[in-house]
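> Next comes the structure file model-v6.cif, holding mmCIF, C-alpha atoms.
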data_query
#
loop_
_atom_site.label_atom_id
_atom_site.label_comp_id
_atom_site.auth_asym_id
_atom_site.auth_seq_id
_atom_site.Cartn_x
_atom_site.Cartn_y
_atom_site.Cartn_z
CA MET R 3 68.32 97.88 78.84
CA ASN R 4 71.52 98.82 80.70
CA TYR R 5 70.51 97.72 84.22
CA LYS R 6 73.82 98.68 85.83
CA ALA R 7 73.64 102.25 84.53
CA LEU R 8 69.99 102.39 85.51
CA ALA R 9 70.78 101.25 89.06
CA TYR R 10 73.54 103.87 89.40
CA GLN R 11 71.23 106.58 88.11
CA VAL R 12 68.47 105.54 90.50
CA LEU R 13 71.00 105.78 93.33
CA ILE R 14 72.10 109.25 92.21
CA PHE R 15 68.53 110.53 91.77
CA SER R 16 67.52 109.20 95.20
CA ALA R 17 70.52 110.87 96.86
CA GLN R 18 69.83 114.15 95.05
CA TRP R 19 66.17 114.01 96.03
CA ALA R 20 67.05 113.53 99.70
CA LEU R 21 69.61 116.35 99.53
CA MET R 22 67.04 118.58 97.87
CA LEU R 23 64.53 118.00 100.68
CA VAL R 24 67.22 118.82 103.26
CA GLY R 25 68.18 121.99 101.37
CA LEU R 26 64.56 123.10 101.07
CA GLY R 27 64.14 122.46 104.79
CA LEU R 28 67.12 124.71 105.53
CA LEU R 29 65.72 127.39 103.26
CA SER R 30 62.19 127.34 104.61
CA ARG R 31 62.98 126.86 108.31
CA ILE R 32 66.20 128.87 108.81
CA ILE R 33 67.05 131.15 105.90
CA ALA R 34 63.62 132.42 104.81
CA PRO R 35 62.28 133.42 108.28
CA SER R 36 65.46 135.27 109.30
CA ARG R 37 65.55 139.09 109.02
CA LEU R 38 68.99 140.11 107.77
CA PHE R 39 68.09 143.73 107.04
CA GLU R 40 65.55 145.99 108.71
CA GLN R 41 62.49 146.40 106.50
CA SER R 42 62.49 150.12 107.32
CA MET R 43 65.98 150.58 105.80
CA PRO R 44 66.17 152.01 102.28
CA PHE R 45 66.01 148.97 99.98
CA GLY R 46 65.91 146.78 103.13
CA ARG R 47 63.27 144.47 101.69
CA ILE R 48 65.12 144.07 98.40
CA LEU R 49 68.50 143.50 100.11
CA ASP R 50 66.93 140.92 102.37
CA ALA R 51 65.40 139.09 99.40
CA GLY R 52 68.67 139.35 97.47
CA ILE R 53 70.78 137.82 100.25
CA LYS R 54 68.30 134.99 100.67
CA ALA R 55 68.31 134.35 96.93
CA LEU R 56 72.10 134.24 97.07
CA ALA R 57 71.94 131.68 99.87
CA ALA R 58 69.55 129.56 97.78
CA LEU R 59 71.91 129.89 94.82
CA CYS R 60 74.87 128.72 96.93
CA LEU R 61 72.89 125.69 98.12
CA SER R 62 71.98 124.90 94.49
CA VAL R 63 75.63 125.09 93.43
CA ILE R 64 76.63 122.70 96.26
CA TRP R 65 73.78 120.39 95.23
CA LEU R 66 74.94 120.33 91.61
CA PHE R 67 78.56 119.84 92.68
CA LEU R 68 77.55 116.74 94.68
CA TRP R 69 75.61 115.50 91.65
CA ASP R 70 78.69 115.98 89.48
CA ARG R 71 80.91 114.05 91.93
CA GLN R 72 78.49 111.13 92.08
CA VAL R 73 78.24 110.77 88.29
CA ARG R 74 82.00 111.00 87.86
CA PHE R 75 82.61 108.51 90.67
CA LEU R 76 80.07 105.92 89.54
CA PHE R 77 80.42 106.18 85.75
CA TYR R 78 83.75 107.77 84.87
CA ARG R 79 86.03 106.49 87.65
CA LYS R 80 87.76 104.03 85.36
CA LYS R 81 88.99 105.17 82.03
CA ALA R 82 86.11 104.69 79.58
CA ARG R 83 86.41 101.36 77.83
CA ALA R 84 84.93 102.80 74.67
CA GLU R 85 87.22 103.37 71.77
CA MET R 86 87.73 106.66 70.05
CA PRO R 87 85.74 107.10 66.86
CA THR R 88 87.70 106.18 63.78
CA MET G 21 39.79 122.46 93.78
CA ALA G 22 38.04 120.44 91.06
CA SER G 23 34.50 119.72 92.23
CA GLY G 24 32.41 116.63 91.53
CA LEU G 25 32.55 115.60 87.92
CA GLU G 26 34.75 118.50 86.88
CA GLY G 27 38.02 116.59 87.43
CA PRO G 28 37.10 113.63 85.18
CA LEU G 29 35.54 116.01 82.64
CA VAL G 30 38.68 118.11 82.22
CA VAL G 31 40.78 114.93 81.93
CA LEU G 32 38.43 113.74 79.17
CA LEU G 33 38.84 117.09 77.43
CA GLY G 34 42.61 116.69 77.75
CA MET G 35 42.34 113.19 76.24
CA ALA G 36 40.90 114.74 73.11
CA ALA G 37 44.45 115.97 72.49
CA PHE G 38 45.56 112.44 71.54
CA PRO G 39 43.59 112.01 68.30
CA ILE G 40 44.08 115.66 67.33
CA SER G 41 47.85 115.49 67.82
CA LEU G 42 48.02 112.11 66.06
CA LEU G 43 46.15 113.35 62.99
CA LEU G 44 48.05 116.64 62.87
CA THR G 45 51.39 114.82 63.09
CA ARG G 46 50.36 112.56 60.20
CA PHE G 47 49.32 115.62 58.24
CA PHE G 48 52.60 117.46 58.87
CA MET G 49 54.61 114.35 57.96
CA SER G 50 53.12 114.54 54.45
CA PHE G 51 53.05 118.34 54.31
CA ASN G 52 56.69 118.78 55.37
CA SER G 53 57.88 115.89 53.18
CA ALA G 54 56.28 117.52 50.15
CA ARG G 55 58.22 120.73 50.93
CA GLY G 56 61.56 119.01 51.46
CA ILE G 57 61.66 119.66 55.22
CA TYR G 58 63.77 116.70 56.34
CA GLY G 59 66.22 115.83 59.06
CA VAL G 60 68.78 113.02 58.92
CA ASP G 61 68.52 110.26 61.54
CA VAL G 62 72.23 110.13 62.34
CA HIS G 63 71.93 107.16 64.73
CA LYS G 64 71.02 104.70 61.96
CA LEU G 65 73.54 103.09 59.64
CA ASP G 66 71.56 103.93 56.48
CA LYS G 67 71.05 107.57 57.63
CA PRO G 68 67.36 107.86 56.60
CA SER G 69 65.75 111.24 55.93
CA ILE G 70 62.82 111.84 58.29
CA PRO G 71 60.20 114.62 58.01
CA GLU G 72 61.31 117.41 60.37
CA MET G 73 59.27 120.02 62.33
CA CYS G 74 56.31 117.63 62.76
CA GLY G 75 56.26 118.52 66.47
CA VAL G 76 54.28 121.62 65.45
CA SER G 77 51.26 119.35 65.94
CA ILE G 78 51.72 119.60 69.73
CA PRO G 79 51.51 123.41 70.17
CA ILE G 80 48.60 123.56 67.71
CA THR G 81 46.77 120.91 69.75
CA LEU G 82 47.56 122.75 72.99
CA LEU G 83 46.26 126.05 71.61
CA VAL G 84 43.06 124.61 70.14
CA LEU G 85 42.07 122.71 73.27
CA SER G 86 43.04 125.60 75.57
CA ALA G 87 40.61 127.77 73.61
CA ILE G 88 37.87 125.15 74.00
CA TYR G 89 38.59 124.85 77.75
CA THR G 90 38.39 128.66 78.11
CA ALA G 91 35.04 128.68 76.33
CA ILE G 92 33.73 126.09 78.83
CA TYR G 93 35.40 127.59 81.94
CA PRO G 94 35.84 131.34 81.33
CA ARG G 95 36.89 131.84 84.99
CA ASP G 96 40.38 130.56 84.01
CA LEU G 97 40.69 132.98 81.09
CA LEU G 98 43.78 134.80 82.42
CA MET G 99 45.73 131.60 83.01
CA MET G 100 44.83 130.27 79.58
CA ILE G 101 45.82 133.56 77.93
CA ALA G 102 49.21 133.36 79.65
CA PHE G 103 49.62 129.70 78.70
CA SER G 104 48.60 130.21 75.07
CA ALA G 105 50.83 133.28 74.68
CA VAL G 106 53.88 131.36 75.93
CA VAL G 107 53.16 128.30 73.76
CA ALA G 108 52.53 130.37 70.63
CA SER G 109 55.56 132.63 71.02
CA SER G 110 57.95 129.79 71.88
CA SER G 111 56.70 127.91 68.80
CA ILE G 112 57.60 130.90 66.66
CA VAL G 113 61.11 130.95 68.18
CA GLY G 114 61.42 127.22 67.45
CA ALA G 115 60.20 127.63 63.88
CA VAL G 116 62.67 130.45 63.23
CA ASP G 117 65.47 128.30 64.65
CA ASP G 118 64.44 125.34 62.48
CA ARG G 119 64.47 127.41 59.32
CA PHE G 120 67.33 129.85 59.94
CA ARG G 121 69.60 128.09 62.51
CA MET G 122 70.06 130.63 65.31
CA ARG G 123 73.19 130.73 67.47
CA GLY G 124 72.94 128.79 70.75
CA ILE G 125 72.55 131.85 72.99
CA TYR G 126 69.50 133.25 71.16
CA LYS G 127 67.11 130.44 72.05
CA PRO G 128 67.31 130.80 75.86
CA ALA G 129 67.34 134.60 75.52
CA LEU G 130 64.26 134.72 73.31
CA ILE G 131 62.29 132.24 75.43
CA VAL G 132 62.84 134.56 78.41
CA PHE G 133 60.79 137.15 76.50
CA CYS G 134 58.17 134.52 75.58
CA ALA G 135 57.44 134.02 79.30
CA LEU G 136 56.84 137.71 80.01
CA PRO G 137 53.03 137.47 79.51
CA ILE G 138 52.85 135.38 82.71
CA VAL G 139 54.71 138.08 84.66
CA PHE G 140 52.72 140.98 83.20
CA LEU G 141 49.33 139.31 83.69
CA GLY G 142 50.36 138.30 87.21
CA TYR G 143 51.37 141.90 87.94
CA LEU G 144 48.10 143.30 86.59
CA PHE G 145 45.91 140.64 88.24
CA PRO G 146 47.67 139.52 91.45
CA ASP G 147 47.05 135.91 92.57
CA GLN G 148 44.90 135.18 89.51
CA VAL G 149 47.70 133.86 87.29
CA TYR G 150 50.45 132.60 89.58
CA ASN G 151 50.95 132.44 93.32
CA PRO G 152 54.32 133.69 94.62
CA THR G 153 54.20 131.34 97.63
CA LEU G 154 56.53 128.46 96.81
CA ARG G 155 55.18 125.22 98.24
CA VAL G 156 57.88 123.04 99.75
CA PRO G 157 57.50 119.33 100.61
CA LEU G 158 57.39 118.62 104.38
CA PHE G 159 58.20 122.21 105.38
CA GLY G 160 55.18 124.20 104.23
CA GLY G 161 56.39 127.01 102.01
CA PHE G 162 57.56 130.57 101.80
CA ASN G 163 56.34 133.71 100.16
CA LEU G 164 58.64 135.14 97.49
CA PRO G 165 56.87 138.31 96.28
CA ILE G 166 60.01 139.81 94.70
CA ILE G 167 62.07 136.82 93.60
CA TYR G 168 59.27 134.60 92.29
CA PRO G 169 58.09 136.84 89.43
CA LEU G 170 61.71 137.55 88.46
CA THR G 171 62.48 133.85 88.15
CA ILE G 172 59.42 132.98 86.03
CA PRO G 173 60.99 133.93 82.65
CA ILE G 174 64.22 132.15 83.61
CA ALA G 175 62.32 129.05 84.73
CA VAL G 176 60.34 128.84 81.48
CA SER G 177 63.50 129.39 79.44
CA VAL G 178 65.30 126.65 81.39
CA THR G 179 62.51 124.07 80.99
CA SER G 180 62.12 124.93 77.32
CA ASN G 181 65.81 124.62 76.50
CA THR G 182 66.44 121.60 78.69
CA VAL G 183 63.63 119.72 76.90
CA ASN G 184 65.18 120.88 73.63
CA MET G 185 68.54 119.43 74.70
CA LEU G 186 67.23 116.00 75.72
CA ASP G 187 65.90 114.87 72.35
CA PRO G 188 68.97 113.17 70.89
CA LEU G 189 67.30 109.79 70.26
CA ASN G 190 64.03 108.67 68.69
CA GLY G 191 61.09 109.42 70.96
CA SER G 192 63.17 110.60 73.91
CA MET G 193 61.58 114.06 74.21
CA ALA G 194 57.95 113.10 73.57
CA GLY G 195 58.18 109.89 75.62
CA GLY G 196 59.92 111.63 78.51
CA ILE G 197 57.44 114.49 78.68
CA THR G 198 54.55 112.03 78.44
CA ILE G 199 55.86 110.05 81.43
CA ILE G 200 56.60 113.17 83.51
CA SER G 201 53.19 114.68 82.75
CA ALA G 202 51.48 111.40 83.66
CA GLY G 203 53.30 111.28 87.02
CA LEU G 204 52.42 114.86 87.91
CA LEU G 205 48.84 114.46 86.66
CA ALA G 206 48.40 111.43 88.94
CA GLY G 207 49.68 113.50 91.87
CA LEU G 208 47.38 116.41 91.06
CA LEU G 209 44.36 114.11 90.85
CA MET G 210 45.28 112.48 94.18
CA LYS G 211 45.60 115.91 95.79
CA GLY G 212 42.31 117.12 94.27
CA ALA G 213 44.02 120.04 92.55
CA GLU G 214 42.41 122.88 90.60
CA SER G 215 40.71 121.88 87.33
CA VAL G 216 42.94 124.12 85.27
CA SER G 217 46.13 122.37 86.48
CA VAL G 218 44.61 118.93 85.94
CA PHE G 219 43.48 119.94 82.46
CA LEU G 220 46.86 121.38 81.43
CA PHE G 221 48.83 118.30 82.50
CA ALA G 222 46.31 115.96 80.85
CA LEU G 223 46.49 118.11 77.74
CA LEU G 224 50.28 117.96 77.44
CA LEU G 225 50.31 114.24 78.31
CA PHE G 226 47.93 113.27 75.52
CA ALA G 227 49.24 115.78 72.98
CA SER G 228 52.77 114.40 73.47
CA LEU G 229 51.46 110.83 73.33
CA GLY G 230 49.79 111.48 69.97
CA PHE G 231 53.05 112.80 68.56
CA PHE G 232 55.03 110.00 70.23
CA TYR G 233 53.14 107.42 68.16
CA TYR G 234 55.05 108.57 65.06
CA ASN G 235 58.18 109.78 66.87
CA ARG G 236 58.90 106.56 68.78
CA TYR G 237 61.83 104.33 67.79
CA PRO G 238 62.27 103.97 64.81
CA SER G 239 61.03 107.50 64.16
CA LYS G 240 58.82 108.40 61.25
CA ALA G 241 58.58 112.07 62.34
CA PHE G 242 60.97 114.48 64.07
CA ALA G 243 59.74 117.19 66.44
CA GLY G 244 62.18 119.90 65.41
CA ASN G 245 62.94 122.89 67.61
CA ILE G 246 59.36 124.07 67.11
CA GLY G 247 58.08 121.00 68.96
CA GLN G 248 60.82 120.77 71.56
CA LEU G 249 60.87 124.44 72.60
CA SER G 250 57.10 124.81 72.70
CA VAL G 251 56.64 121.60 74.72
CA GLY G 252 59.31 122.70 77.20
CA ALA G 253 57.84 126.20 77.49
CA ALA G 254 54.33 124.76 77.89
CA PHE G 255 55.59 122.47 80.64
CA GLY G 256 57.36 125.32 82.45
CA THR G 257 54.22 127.46 82.30
CA MET G 258 52.01 124.62 83.56
CA VAL G 259 54.35 124.03 86.46
CA ILE G 260 54.06 127.69 87.51
CA LEU G 261 50.28 127.90 86.99
CA GLY G 262 49.74 124.55 88.71
CA ARG G 263 52.10 125.35 91.62
CA VAL G 264 54.08 122.12 91.32
CA GLU G 265 57.52 123.71 90.92
CA ILE G 266 59.54 121.47 93.25
CA ALA G 267 57.82 118.25 92.14
CA ALA G 268 58.48 119.19 88.51
CA ILE G 269 62.19 119.78 89.16
CA VAL G 270 62.39 116.29 90.69
CA ALA G 271 60.49 114.71 87.79
CA MET G 272 62.90 116.46 85.41
CA PHE G 273 66.04 115.02 87.02
CA PRO G 274 67.13 113.34 83.75
CA HIS G 275 66.84 116.72 81.99
CA VAL G 276 68.71 118.48 84.82
CA GLN G 277 71.58 116.02 84.66
CA ASN G 278 71.82 116.14 80.87
CA SER G 279 71.82 119.94 80.64
CA PHE G 280 74.10 120.50 83.62
CA PHE G 281 76.79 118.13 82.36
CA PHE G 282 76.52 119.49 78.82
CA LEU G 283 76.79 123.13 79.88
CA SER G 284 79.51 122.51 82.49
CA ARG G 285 81.75 120.85 79.89
CA ILE G 286 81.01 123.16 76.95
CA LYS G 287 80.91 126.24 79.25
CA GLY G 288 78.35 128.16 77.24
CA PHE G 289 75.20 128.03 75.17
CA VAL G 290 76.30 126.14 72.09
CA GLU G 291 74.14 124.20 69.65
CA HIS G 292 74.68 120.42 69.61
CA ARG G 293 75.53 120.60 65.93
CA GLU G 294 78.38 123.03 66.73
CA VAL G 295 80.01 120.71 69.28
CA THR G 296 83.06 119.16 67.62
CA ALA G 297 83.77 116.50 70.28
CA LYS G 298 80.61 114.36 70.01
CA PRO G 299 79.52 112.51 73.17
CA THR G 300 78.58 109.33 71.28
CA TYR G 301 79.26 107.73 67.92
CA LEU G 302 77.75 104.96 65.82
CA SER G 303 79.78 101.77 65.50
CA GLU G 304 79.91 99.65 62.36
CA ASP G 305 77.43 97.17 63.84
CA GLY G 306 74.87 99.95 64.37
CA LYS G 307 75.38 100.32 68.11
CA LEU G 308 75.78 103.62 69.92
CA VAL G 309 79.10 103.91 71.77
CA ALA G 310 80.19 106.41 74.44
CA SER G 311 83.04 108.55 73.21
CA ALA G 312 86.33 108.29 75.10
CA ASP G 313 87.22 111.85 74.11
CA ALA G 314 87.85 113.78 77.33
CA GLN G 315 86.58 116.97 75.68
CA SER G 316 83.14 115.65 74.76
CA PRO G 317 80.24 116.53 77.11
CA LEU G 318 79.01 113.97 79.65
CA THR G 319 75.45 113.90 78.33
CA LEU G 320 72.87 111.51 79.76
CA VAL G 321 73.06 109.27 76.68
CA ARG G 322 76.85 109.08 76.90
CA THR G 323 76.62 108.22 80.60
CA LEU G 324 74.11 105.43 79.94
CA LEU G 325 76.44 104.00 77.30
CA VAL G 326 79.60 103.92 79.41
CA GLY G 327 81.04 100.40 79.24
CA LYS G 328 78.05 99.02 77.33
CA PRO G 329 77.51 100.00 73.68
CA SER G 330 73.82 99.52 72.88
CA GLN G 331 71.27 99.75 70.12
CA GLU G 332 69.37 103.04 70.05
CA GLY G 333 66.13 101.34 71.13
CA GLU G 334 67.81 99.92 74.25
CA VAL G 335 69.16 103.33 75.30
CA VAL G 336 65.71 104.89 74.80
CA SER G 337 64.19 102.15 77.01
CA THR G 338 66.75 102.87 79.74
CA MET G 339 65.95 106.58 79.49
CA PHE G 340 62.23 105.86 79.82
CA ALA G 341 62.89 103.72 82.90
CA LEU G 342 64.77 106.69 84.37
CA PHE G 343 61.86 108.99 83.56
CA VAL G 344 59.48 106.58 85.29
CA PHE G 345 61.66 106.63 88.40
CA SER G 346 62.11 110.42 88.44
CA SER G 347 58.36 110.88 87.86
CA ALA G 348 57.64 108.55 90.80
CA LEU G 349 59.93 110.72 92.94
CA GLY G 350 58.13 113.79 91.59
CA LEU G 351 54.79 112.24 92.50
CA ALA G 352 56.06 111.47 96.03
CA THR G 353 57.27 115.08 96.31
CA LEU G 354 53.88 116.38 95.22
CA LEU G 355 52.10 114.22 97.79
CA LEU G 356 54.44 115.54 100.51
CA MET G 357 53.56 119.16 99.67
#
I'd like the structure from this file rewritten - as structure tokens, please.


Amino acid sequence: MNYKALAYQVLIFSAQWALMLVGLGLLSRIIAPSRLFEQSMPFGRILDAGIKALAALCLSVIWLFLWDRQVRFLFYRKKARAEMPT
Amino acid sequence: MASGLEGPLVVLLGMAAFPISLLLTRFFMSFNSARGIYGVDVHKLDKPSIPEMCGVSIPITLLVLSAIYTAIYPRDLLMMIAFSAVVASSSIVGAVDDRFRMRGIYKPALIVFCALPIVFLGYLFPDQVYNPTLRVPLFGGFNLPIIYPLTIPIAVSVTSNTVNMLDPLNGSMAGGITIISAGLLAGLLMKGAESVSVFLFALLLFASLGFFYYNRYPSKAFAGNIGQLSVGAAFGTMVILGRVEIAAIVAMFPHVQNSFFFLSRIKGFVEHREVTAKPTYLSEDGKLVASADAQSPLTLVRTLLVGKPSQEGEVVSTMFALFVFSSALGLATLLLM
């Protein structure tokens, strides 16, 4: 078993899990309860849901970007020692 | 909530999936061999031919035992219809892909349609199939009456295809799903969840375990797209019906990483076989080595091999250790909900 890789992955997963909980907290406590459009407006309910979905999407993109940075930093910082296939 | 003896009883019914799946896999190994349905195990030096599409044993097991469960507990009929429809239709998509080699974009697109029975049944019978209130760990939850049903087909397609993508090594798909299902099942039992959720996770756990017996390293049977897509779709459906969405995402962290890094490098839905810059290669001493080609995708297997070429069995063990950790995080998430 590759214990070093496993330890790095455990670190990344733990960080992503913590970030996910923070993001879900932001969504459920701040973004979801806010009323961005009046419900009485034409399509107000749909616009409100759409904007909130967009906010969730943005948070997901940031979350994945941080994941990407961690993997590249921990695993691909140095030039891979593996040789090219012959 | 499962009352009295109902919880243990539905787990026992789910356990029946193990012998059924085991026997069916053995049967399909012979059946498919006799019809020349083989795949090449490219990560072995002697490149053996292994019976392909044997993973069909899993959806058959799921469908048979779902029917038996429905006969015992007819109150969950709608959920089981939705589950069975998704499993059956995704199996057909997988079988077509196995036999006719579809382009990469068709699989996710077709699985979206396979998940529509959940949406339609949920629309016709509100709150009897799925619940649009997303439960969030620590922070309660929020109601998503518009967005939730729209995301169901996408969610099922994502789980199905991500499971399909993380089966590059012997036993990685079946073993991974077995571990994830076990983690979530433990959480559901601790929370005293509904019988139907407990049953579905026990069912997938033992059906995958039966197939894993022959699929483990060194493989004697390959799942094929029929097994991979149907298992992924079944898992996605169970997650929605069992209301464990967030916990399942956490348990699937290895899948998320693999698919995200594959798609972000390839920038599109492309079949693995069509990728020219392979993420790993086999060295002359039979070890898997991470490719140094900057164009090849940073798959999970490639990442685990960086700086340490390993035998296939070692990489699979590392992957399983990762699944155990992500499932433990998933279990913790479920207990926090």

> Give the answer as one residue: which of G:Val139, G:Met100, G:Leu82, G:Ile167 has the shortest atom-to-atom distance to R:Arg47, using all atoms listed in the file?

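Among G:Val139, G:Met100, G:Leu82, G:Ile167, it is G:Ile167 that comes nearest to R:Arg47.
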
> Can you give me, as a list in words, the residues this file yields under the PyMOL selection byres ((chain G and resi 284) around 12)?

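In the shown coordinates, the PyMOL selection byres ((chain G and resi 284) around 12) covers Val63, Leu66, Phe67 and Asp70 of chain R; Val276, Gln277, Asn278, Ser279, Phe280, Phe281, Phe282, Leu283, Arg285, Ile286, Lys287, Gly288, Phe289, Val290, Gln315, Ser316, Pro317, Leu318 and Thr319 of chain G.
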
> Provide as number ranges by chain the residues of chain G at most 9 Å from chain R, counting only C-alpha atoms.

G: 156-164, 166-167, 270, 273-274, 277, 280-281, 300-303, 309-313, 323-330, 333-339, 341-342, 345-346, 349, 353

> Name the residues in contact with stretch 29-39 of chain G at a cut-off of 12 Å, using only C-alpha atoms, excluding same-chain residues fewer than 4 positions from it; report them as a PyMOL selection string.

chain G and resi 22-25+43-46+77-90+92-93+198+201-202+205-206+208-209+213-233

> Within 8 Å of G:Met272, counting only C-alpha atoms, which residues qualify if same-chain residues fewer than 6 places away don't, as a ChimeraX atom specification?

/G:200,343,346-347

> Emit the selected residues as a CSV table (one decimal), in the coordinates of the input, including C-alpha atoms.


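Once everything was written out, this is selection_17.csv:
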chain,number,residue,atom,x,y,z
G,200,ILE,CA,56.6,113.2,83.5
G,343,PHE,CA,61.9,109.0,83.6
G,346,SER,CA,62.1,110.4,88.4
G,347,SER,CA,58.4,110.9,87.9

> Stretch 20-36 of chain R, all listed atoms, 3 Å padding on each side: what axis-aligned box centre and edge lengths in Å to one decimal come out, as JSON?


{"center_x": 65.9, "center_y": 124.4, "center_z": 103.6, "size_x": 13.4, "size_y": 27.7, "size_z": 17.4}

> For a test of reading the model, state the distance in Å between atom CA of G:Leu141 and atom CA of G:Leu97, rounded to one decimal.

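These atoms are spaced 11.0 Å apart.
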
> What gap, in Å, lies between atom CA of R:Ile53 and atom CA of G:Pro165?

14.5 Å

> Atom CA of G:Gly256 to atom CA of G:Leu136: how many Å, to one decimal?

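Spanning atom CA of G:Gly256 to atom CA of G:Leu136 is a straight-line distance of 12.6 Å.
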
> Find, counting only C-alpha atoms, the residue in G:Thr153, G:Thr257, G:Asn190, G:Asn184 that gets nearest to G:Phe242.

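For G:Phe242, the nearest of the given residues is G:Asn190.
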
> Determine the residue membership of the PyMOL selection byres ((chain G and resi 113) around 12) for the file above and supply it as a short mmCIF file (atom, residue, chain, number, x, y, z; two decimals) with C-alpha atoms, in the frame of the given file.


data_model
loop_
_atom_site.label_atom_id
_atom_site.label_comp_id
_atom_site.auth_asym_id
_atom_site.auth_seq_id
_atom_site.Cartn_x
_atom_site.Cartn_y
_atom_site.Cartn_z
CA VAL G 76 54.28 121.62 65.45
CA VAL G 106 53.88 131.36 75.93
CA VAL G 107 53.16 128.30 73.76
CA ALA G 108 52.53 130.37 70.63
CA SER G 109 55.56 132.63 71.02
CA SER G 110 57.95 129.79 71.88
CA SER G 111 56.70 127.91 68.80
CA ILE G 112 57.60 130.90 66.66
CA GLY G 114 61.42 127.22 67.45
CA ALA G 115 60.20 127.63 63.88
CA VAL G 116 62.67 130.45 63.23
CA ASP G 117 65.47 128.30 64.65
CA ASP G 118 64.44 125.34 62.48
CA ARG G 119 64.47 127.41 59.32
CA PHE G 120 67.33 129.85 59.94
CA ARG G 121 69.60 128.09 62.51
CA MET G 122 70.06 130.63 65.31
CA TYR G 126 69.50 133.25 71.16
CA LYS G 127 67.11 130.44 72.05
CA PRO G 128 67.31 130.80 75.86
CA ALA G 129 67.34 134.60 75.52
CA LEU G 130 64.26 134.72 73.31
CA ILE G 131 62.29 132.24 75.43
CA VAL G 132 62.84 134.56 78.41
CA PHE G 133 60.79 137.15 76.50
CA CYS G 134 58.17 134.52 75.58
CA SER G 177 63.50 129.39 79.44
CA SER G 180 62.12 124.93 77.32
CA ASN G 181 65.81 124.62 76.50
CA GLY G 244 62.18 119.90 65.41
CA ASN G 245 62.94 122.89 67.61
CA ILE G 246 59.36 124.07 67.11
CA GLY G 247 58.08 121.00 68.96
CA GLN G 248 60.82 120.77 71.56
CA LEU G 249 60.87 124.44 72.60
CA SER G 250 57.10 124.81 72.70
CA ALA G 253 57.84 126.20 77.49
#
